[in-house]
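Okay, final.cif is below, mmCIF, C-alpha atoms:
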```
data_structure
loop_
_atom_site.group_PDB
_atom_site.id
_atom_site.type_symbol
_atom_site.label_atom_id
_atom_site.label_comp_id
_atom_site.auth_asym_id
_atom_site.auth_seq_id
_atom_site.Cartn_x
_atom_site.Cartn_y
_atom_site.Cartn_z
ATOM 1 C CA MET Y 1 0.000 0.000 0.000
ATOM 2 C CA LYS Y 2 2.884 2.282 0.695
ATOM 3 C CA ASP Y 3 4.123 1.736 -2.833
ATOM 4 C CA SER Y 4 0.789 2.705 -4.360
ATOM 5 C CA HIS Y 5 0.917 6.103 -2.640
ATOM 6 C CA VAL Y 6 4.468 6.682 -3.793
ATOM 7 C CA ASN Y 7 3.576 5.651 -7.344
ATOM 8 C CA ALA Y 8 0.579 7.992 -7.326
ATOM 9 C CA ALA Y 9 2.755 10.822 -6.060
ATOM 10 C CA ALA Y 10 5.370 10.026 -8.695
ATOM 11 C CA ARG Y 11 2.737 10.024 -11.402
ATOM 12 C CA VAL Y 12 1.478 13.415 -10.245
ATOM 13 C CA SER Y 13 4.959 14.860 -10.066
ATOM 14 C CA ASP Y 14 5.825 13.413 -13.454
ATOM 15 C CA GLY Y 15 2.532 14.447 -14.999
ATOM 16 C CA TRP Y 16 0.442 17.504 -15.207
ATOM 17 C CA PHE Y 17 1.936 19.714 -12.489
ATOM 18 C CA ASP Y 18 5.602 19.560 -13.246
ATOM 19 C CA TRP Y 19 5.705 19.315 -17.031
ATOM 20 C CA PRO Y 20 6.096 23.096 -17.449
ATOM 21 C CA PHE Y 21 9.276 22.934 -15.413
ATOM 22 C CA GLN Y 22 10.864 20.134 -17.383
ATOM 23 C CA SER Y 23 13.438 21.232 -19.924
ATOM 24 C CA ALA Y 24 11.921 18.981 -22.592
ATOM 25 C CA HIS Y 25 8.731 21.106 -22.539
ATOM 26 C CA GLN Y 26 10.423 24.487 -22.403
ATOM 27 C CA GLY Y 27 9.395 25.438 -25.985
ATOM 28 C CA ASP Y 28 5.753 24.491 -25.343
ATOM 29 C CA VAL Y 29 5.697 26.511 -22.134
ATOM 30 C CA ALA Y 30 7.164 29.539 -23.893
ATOM 31 C CA GLY Y 31 4.559 29.261 -26.655
ATOM 32 C CA TYR Y 32 1.694 28.944 -24.181
ATOM 33 C CA GLY Y 33 3.117 31.814 -22.140
ATOM 34 C CA PHE Y 34 3.348 33.972 -25.240
ATOM 35 C CA TRP Y 35 -0.249 33.283 -26.235
ATOM 36 C CA LEU Y 36 -1.487 33.795 -22.678
ATOM 37 C CA GLY Y 37 0.375 37.132 -22.621
ATOM 38 C CA VAL Y 38 -1.231 38.128 -25.922
ATOM 39 C CA ALA Y 39 -4.646 37.110 -24.608
ATOM 40 C CA GLY Y 40 -4.026 39.042 -21.369
ATOM 41 C CA PHE Y 41 -2.965 42.104 -23.346
ATOM 42 C CA ALA Y 42 -6.089 41.830 -25.522
ATOM 43 C CA VAL Y 43 -8.347 41.554 -22.461
ATOM 44 C CA SER Y 44 -6.558 44.544 -20.859
ATOM 45 C CA LEU Y 45 -6.943 46.568 -24.065
ATOM 46 C CA ILE Y 46 -10.636 45.718 -24.288
ATOM 47 C CA GLY Y 47 -11.067 46.688 -20.618
ATOM 48 C CA PHE Y 48 -9.265 49.973 -21.221
ATOM 49 C CA CYS Y 49 -11.486 50.709 -24.232
ATOM 50 C CA VAL Y 50 -14.620 49.939 -22.219
ATOM 51 C CA THR Y 51 -13.392 52.262 -19.452
ATOM 52 C CA ILE Y 52 -12.739 55.087 -21.933
ATOM 53 C CA TYR Y 53 -16.181 54.524 -23.497
ATOM 54 C CA GLN Y 54 -17.844 54.684 -20.072
ATOM 55 C CA LEU Y 55 -15.963 57.869 -19.216
ATOM 56 C CA ARG Y 56 -17.096 59.501 -22.459
ATOM 57 C CA LYS Y 57 -20.642 58.357 -21.868
ATOM 58 C CA THR Y 58 -20.547 59.811 -18.350
ATOM 59 C CA ARG Y 59 -19.076 63.070 -19.620
ATOM 60 C CA SER Y 60 -21.695 63.348 -22.366
ATOM 61 C CA ALA Y 61 -24.449 62.721 -19.799
ATOM 62 C CA ALA Y 62 -22.975 65.445 -17.590
ATOM 63 C CA ASP Y 63 -22.757 67.798 -20.579
ATOM 64 C CA ALA Y 64 -26.365 67.029 -21.492
ATOM 65 C CA ALA Y 65 -27.459 67.769 -17.916
ATOM 66 C CA LYS Y 66 -25.505 71.024 -17.967
ATOM 67 C CA GLN Y 67 -27.075 72.057 -21.284
ATOM 68 C CA GLU Y 68 -30.540 71.273 -19.954
ATOM 69 C CA ALA Y 69 -29.878 73.353 -16.835
ATOM 70 C CA ILE Y 70 -28.780 76.272 -19.035
ATOM 71 C CA ARG Y 71 -31.890 75.868 -21.194
ATOM 72 C CA ILE Y 72 -34.147 75.914 -18.136
ATOM 73 C CA GLU Y 73 -32.339 78.944 -16.727
ATOM 74 C CA LYS Y 74 -32.820 80.843 -19.987
ATOM 75 C CA THR Y 75 -36.480 79.835 -20.160
ATOM 76 C CA LEU Y 76 -37.004 81.187 -16.651
ATOM 77 C CA LEU Y 77 -35.176 84.397 -17.564
ATOM 78 C CA LYS Y 78 -37.383 84.769 -20.638
ATOM 79 C CA TYR Y 79 -40.461 84.337 -18.440
ATOM 80 C CA GLU Y 80 -39.181 86.919 -15.937
ATOM 81 C CA LEU Y 81 -38.404 89.407 -18.701
ATOM 82 C CA ALA Y 82 -41.824 88.921 -20.273
ATOM 83 C CA ASN Y 83 -43.381 89.423 -16.846
ATOM 84 C CA GLU Y 84 -41.467 92.692 -16.395
ATOM 85 C CA THR Y 85 -42.644 94.029 -19.752
ATOM 86 C CA VAL Y 86 -46.258 93.133 -19.036
ATOM 87 C CA LYS Y 87 -46.024 94.674 -15.567
ATOM 88 C CA GLY Y 88 -44.522 97.837 -17.075
ATOM 89 C CA MET Y 89 -47.195 98.076 -19.790
ATOM 90 C CA ALA Y 90 -49.996 97.610 -17.263
ATOM 91 C CA ALA Y 91 -48.517 100.270 -14.966
ATOM 92 C CA LEU Y 92 -48.122 102.606 -17.946
ATOM 93 C CA ASP Y 93 -51.779 102.188 -18.909
ATOM 94 C CA THR Y 94 -52.755 102.908 -15.317
ATOM 95 C CA ALA Y 95 -50.514 105.985 -15.181
ATOM 96 C CA ARG Y 96 -52.120 107.351 -18.379
ATOM 97 C CA LYS Y 97 -55.588 106.936 -16.861
ATOM 98 C CA TYR Y 98 -54.451 108.794 -13.751
ATOM 99 C CA VAL Y 99 -52.999 111.622 -15.870
ATOM 100 C CA ARG Y 100 -56.291 112.005 -17.719
ATOM 101 C CA SER Y 101 -58.141 112.029 -14.375
ATOM 102 C CA ASP Y 102 -55.682 114.475 -12.728
ATOM 103 C CA LEU Y 103 -54.871 111.954 -9.983
ATOM 104 C CA TRP Y 104 -51.248 113.057 -9.798
ATOM 105 C CA MET Y 105 -50.270 111.259 -6.615
ATOM 106 C CA HIS Y 106 -51.214 107.955 -8.241
ATOM 107 C CA VAL Y 107 -49.453 108.900 -11.475
ATOM 108 C CA THR Y 108 -46.095 108.916 -9.729
ATOM 109 C CA ASP Y 109 -46.649 105.486 -8.162
ATOM 110 C CA SER Y 110 -47.622 103.873 -11.452
ATOM 111 C CA TYR Y 111 -44.986 105.708 -13.475
ATOM 112 C CA GLU Y 112 -42.247 104.622 -11.025
ATOM 113 C CA THR Y 113 -43.385 101.023 -11.564
ATOM 114 C CA VAL Y 114 -42.775 101.543 -15.290
ATOM 115 C CA ARG Y 115 -39.299 102.892 -14.531
ATOM 116 C CA ASN Y 116 -38.511 99.914 -12.282
ATOM 117 C CA ALA Y 117 -39.651 97.498 -14.991
ATOM 118 C CA LEU Y 118 -37.420 99.216 -17.560
ATOM 119 C CA LEU Y 119 -34.431 99.103 -15.201
ATOM 120 C CA ALA Y 120 -35.034 95.395 -14.521
ATOM 121 C CA LEU Y 121 -35.215 94.718 -18.259
ATOM 122 C CA LYS Y 122 -32.010 96.617 -18.878
ATOM 123 C CA SER Y 123 -30.125 94.731 -16.164
ATOM 124 C CA GLU Y 124 -31.343 91.268 -17.188
ATOM 125 C CA PHE Y 125 -31.803 91.492 -20.962
ATOM 126 C CA GLU Y 126 -28.325 90.990 -22.411
ATOM 127 C CA GLU Y 127 -29.417 91.107 -26.057
ATOM 128 C CA LEU Y 128 -30.370 94.788 -26.000
ATOM 129 C CA THR Y 129 -28.818 96.965 -28.669
ATOM 130 C CA GLU Y 130 -26.954 100.151 -27.791
ATOM 131 C CA ASN Y 131 -29.908 102.154 -29.140
ATOM 132 C CA GLN Y 132 -32.357 100.251 -26.939
ATOM 133 C CA ASN Y 133 -30.134 100.752 -23.887
ATOM 134 C CA GLN Y 134 -30.073 104.475 -24.643
ATOM 135 C CA GLN Y 135 -33.861 104.570 -25.077
ATOM 136 C CA ILE Y 136 -34.304 102.841 -21.719
ATOM 137 C CA ASP Y 137 -31.893 105.281 -20.057
ATOM 138 C CA ASN Y 138 -33.724 108.259 -21.574
ATOM 139 C CA ALA Y 139 -37.120 106.879 -20.536
ATOM 140 C CA CYS Y 140 -35.930 106.208 -16.982
ATOM 141 C CA ASN Y 141 -34.456 109.707 -16.657
ATOM 142 C CA TYR Y 142 -37.624 111.275 -18.040
ATOM 143 C CA ILE Y 143 -39.817 109.254 -15.670
ATOM 144 C CA GLN Y 144 -37.639 110.106 -12.674
ATOM 145 C CA ASN Y 145 -37.617 113.841 -13.481
ATOM 146 C CA THR Y 146 -41.335 113.919 -14.267
ATOM 147 C CA CYS Y 147 -42.247 112.114 -11.044
ATOM 148 C CA ALA Y 148 -40.053 114.497 -9.027
ATOM 149 C CA ARG Y 149 -41.717 117.491 -10.722
ATOM 150 C CA ILE Y 150 -45.198 116.049 -10.054
ATOM 151 C CA GLU Y 151 -44.384 115.374 -6.393
ATOM 152 C CA ARG Y 152 -43.061 118.928 -5.940
ATOM 153 C CA GLY Y 153 -46.175 120.249 -7.651
ATOM 154 C CA ILE Y 154 -48.512 118.197 -5.437
ATOM 155 C CA HIS Y 155 -47.135 120.031 -2.397
ATOM 156 C CA ASN Y 156 -47.255 123.441 -4.159
ATOM 157 C CA ASN Y 157 -50.801 123.919 -5.508
ATOM 158 C CA GLY Y 158 -50.730 121.235 -8.222
ATOM 159 C CA PRO Y 159 -48.103 120.088 -10.684
ATOM 160 C CA LYS Y 160 -47.177 122.119 -13.727
ATOM 161 C CA VAL Y 161 -47.220 119.329 -16.307
ATOM 162 C CA ASP Y 162 -48.284 119.457 -19.941
ATOM 163 C CA LYS Y 163 -50.753 116.552 -19.957
ATOM 164 C CA ALA Y 164 -50.735 116.161 -23.754
ATOM 165 C CA LYS Y 165 -46.939 115.998 -23.887
ATOM 166 C CA LEU Y 166 -46.809 113.554 -20.963
ATOM 167 C CA ILE Y 167 -49.368 111.251 -22.592
ATOM 168 C CA SER Y 168 -47.422 111.459 -25.857
ATOM 169 C CA VAL Y 169 -44.175 110.479 -24.104
ATOM 170 C CA MET Y 170 -46.020 107.685 -22.323
ATOM 171 C CA ALA Y 171 -47.095 106.402 -25.744
ATOM 172 C CA GLU Y 172 -43.412 106.309 -26.766
ATOM 173 C CA HIS Y 173 -42.627 104.358 -23.596
ATOM 174 C CA ALA Y 174 -45.437 101.947 -24.452
ATOM 175 C CA ILE Y 175 -43.888 101.387 -27.890
ATOM 176 C CA LEU Y 176 -40.497 100.723 -26.269
ATOM 177 C CA LEU Y 177 -42.013 98.194 -23.849
ATOM 178 C CA SER Y 178 -43.995 96.596 -26.657
ATOM 179 C CA ASP Y 179 -40.864 96.242 -28.810
ATOM 180 C CA LEU Y 180 -38.963 94.673 -25.910
ATOM 181 C CA ASN Y 181 -41.835 92.292 -25.237
ATOM 182 C CA ARG Y 182 -41.951 91.312 -28.913
ATOM 183 C CA MET Y 183 -38.205 90.592 -28.872
ATOM 184 C CA ILE Y 184 -38.627 88.391 -25.819
ATOM 185 C CA GLN Y 185 -41.594 86.546 -27.291
ATOM 186 C CA LYS Y 186 -39.765 85.930 -30.575
ATOM 187 C CA GLY Y 187 -37.018 84.223 -28.669
ATOM 188 C CA VAL Y 188 -34.218 86.744 -28.954
ATOM 189 C CA VAL Y 189 -33.200 85.573 -25.489
ATOM 190 C CA LYS Y 190 -31.054 82.594 -26.372
#
```
Encoding of this model in structure tokens:
Amino acid sequence: MKDSHVNAAARVSDGWFDWPFQSAHQGDVAGYGFWLGVAGFAVSLIGFCVTIYQLRKTRSAADAAKQEAIRIEKTLLKYELANETVKGMAALDTARKYVRSDLWMHVTDSYETVRNALLALKSEFEELTENQNQQIDNACNYIQNTCARIERGIHNNGPKVDKAKLISVMAEHAILLSDLNRMIQKGVVK
């Protein structure tokens, strides 16, 4: 029985496990090693390519999310700008009614709302031309001076304001607000 265990051990040591270490099989081992190295390199290369692909996919998903966030931000800005123009036009209509009714104290409140809307548009609307910026500046200065004159006049026996001229200038301001609103609605805000 002792011999059978020794023979089994000898067969194992002479067989499968030690053949790579025998000099007679050195060429076979080198060939297998070469092909295993090539296969390992191929698997590593495929893994590297998959990793690069995943990184690009992740980056493109991040870029898509960033672009969507920018699109949403611009949509909200467009909504806010449109809201400012509508608020300014409504306040301007109200101010004109107060001018016609000689309710001067209310004229200044409504007209200041128009000025605030124009200033908000100027600060947020990047696509304004130089001419439009100048028109907004002129309108804001006119509104500020007119409101100051009306307030001084309220405390000194009524304001000295040419109603026809004021209504005419208000019509020009309405055109300016309408043009700005049209630009916003047409999608000039990109």
One-decimal distance in Å that lies between atom CA of Y:Glu84 and atom CA of Y:Ala117: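 The value is 5.3 Å.
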Residue IDs satisfying the PyMOL selection byres ((chain Y and resi 87) around 10), as a list of chain:residue names: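 Matching residues under the PyMOL selection byres ((chain Y and resi 87) around 10) are Y:Leu81, Y:Ala82, Y:Asn83, Y:Glu84, Y:Thr85, Y:Val86, Y:Gly88, Y:Met89, Y:Ala90, Y:Ala91, Y:Leu92, Y:Thr113, Y:Val114, Y:Asn116, Y:Ala117, Y:Leu118, Y:Leu177.
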Ref. answer, residues at most 9 Å from (-43.7, 122.2, -15.2) with all atoms listed in the file, as a PyMOL selection string: chain Y and resi 146+149-150+153+159-162
Among the residues Y:Gly37, Y:Ser44, Y:Ile167, Y:Asn156, the one that comes closest to Y:Arg100 [using all atoms listed in the file]: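 Checking each of Y:Gly37, Y:Ser44, Y:Ile167, Y:Asn156 against Y:Arg100, counting all atoms listed in the file, the winner is Y:Ile167.
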All residues 9 Å or closer to Y:Glu112, all atoms listed in the file, same chain fewer than 5 positions away omitted, as number ranges by chain: Y: 91, 107, 117, 140, 143-144, 147
Å distance separating atom CA of Y:Asp102 from atom CA of Y:Lys165, one decimal place: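 Between atom CA of Y:Asp102 and atom CA of Y:Lys165 the gap is 14.3 Å.
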Answer key for the PyMOL selection byres ((chain Y and resi 96) around 9), residues as a PyMOL selection string: chain Y and resi 91-95+97-101+107+110-111+166-167+170-171
Atom CA of Y:Ile184 to atom CA of Y:Ile70, straight-line distance in Å: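 Computing it gives 17.0 Å between the two atoms.
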Could you list, as a PDB file with C-alpha atoms, keeping the file's coordinate frame, every residue matched by the PyMOL selection byres ((chain Y and resi 133) around 12) in this structure?
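What landed in expr14.pdb:
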```pdb
ATOM      1  CA  LEU Y 118     -37.420  99.216 -17.560  1.00  0.00           C
ATOM      2  CA  LEU Y 119     -34.431  99.103 -15.201  1.00  0.00           C
ATOM      3  CA  ALA Y 120     -35.034  95.395 -14.521  1.00  0.00           C
ATOM      4  CA  LEU Y 121     -35.215  94.718 -18.259  1.00  0.00           C
ATOM      5  CA  LYS Y 122     -32.010  96.617 -18.878  1.00  0.00           C
ATOM      6  CA  SER Y 123     -30.125  94.731 -16.164  1.00  0.00           C
ATOM      7  CA  GLU Y 124     -31.343  91.268 -17.188  1.00  0.00           C
ATOM      8  CA  PHE Y 125     -31.803  91.492 -20.962  1.00  0.00           C
ATOM      9  CA  GLU Y 126     -28.325  90.990 -22.411  1.00  0.00           C
ATOM     10  CA  GLU Y 127     -29.417  91.107 -26.057  1.00  0.00           C
ATOM     11  CA  LEU Y 128     -30.370  94.788 -26.000  1.00  0.00           C
ATOM     12  CA  THR Y 129     -28.818  96.965 -28.669  1.00  0.00           C
ATOM     13  CA  GLU Y 130     -26.954 100.151 -27.791  1.00  0.00           C
ATOM     14  CA  ASN Y 131     -29.908 102.154 -29.140  1.00  0.00           C
ATOM     15  CA  GLN Y 132     -32.357 100.251 -26.939  1.00  0.00           C
ATOM     16  CA  GLN Y 134     -30.073 104.475 -24.643  1.00  0.00           C
ATOM     17  CA  GLN Y 135     -33.861 104.570 -25.077  1.00  0.00           C
ATOM     18  CA  ILE Y 136     -34.304 102.841 -21.719  1.00  0.00           C
ATOM     19  CA  ASP Y 137     -31.893 105.281 -20.057  1.00  0.00           C
ATOM     20  CA  ASN Y 138     -33.724 108.259 -21.574  1.00  0.00           C
ATOM     21  CA  ALA Y 139     -37.120 106.879 -20.536  1.00  0.00           C
ATOM     22  CA  CYS Y 140     -35.930 106.208 -16.982  1.00  0.00           C
ATOM     23  CA  LEU Y 176     -40.497 100.723 -26.269  1.00  0.00           C
ATOM     24  CA  LEU Y 180     -38.963  94.673 -25.910  1.00  0.00           C
TER      25      LEU Y 180
END
```
Residue nearest Y:His155 among Y:Trp104, Y:Phe34, Y:Phe21, Y:Tyr142 (counting all atoms listed in the file):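 Looking at the shortest contact to Y:His155, the residue is Y:Trp104.
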Option closest in space to Y:Glu151, from Y:Thr108, Y:Gln185, Y:Gln67, Y:Gln26 [counting all atoms listed in the file]: Y:Thr108
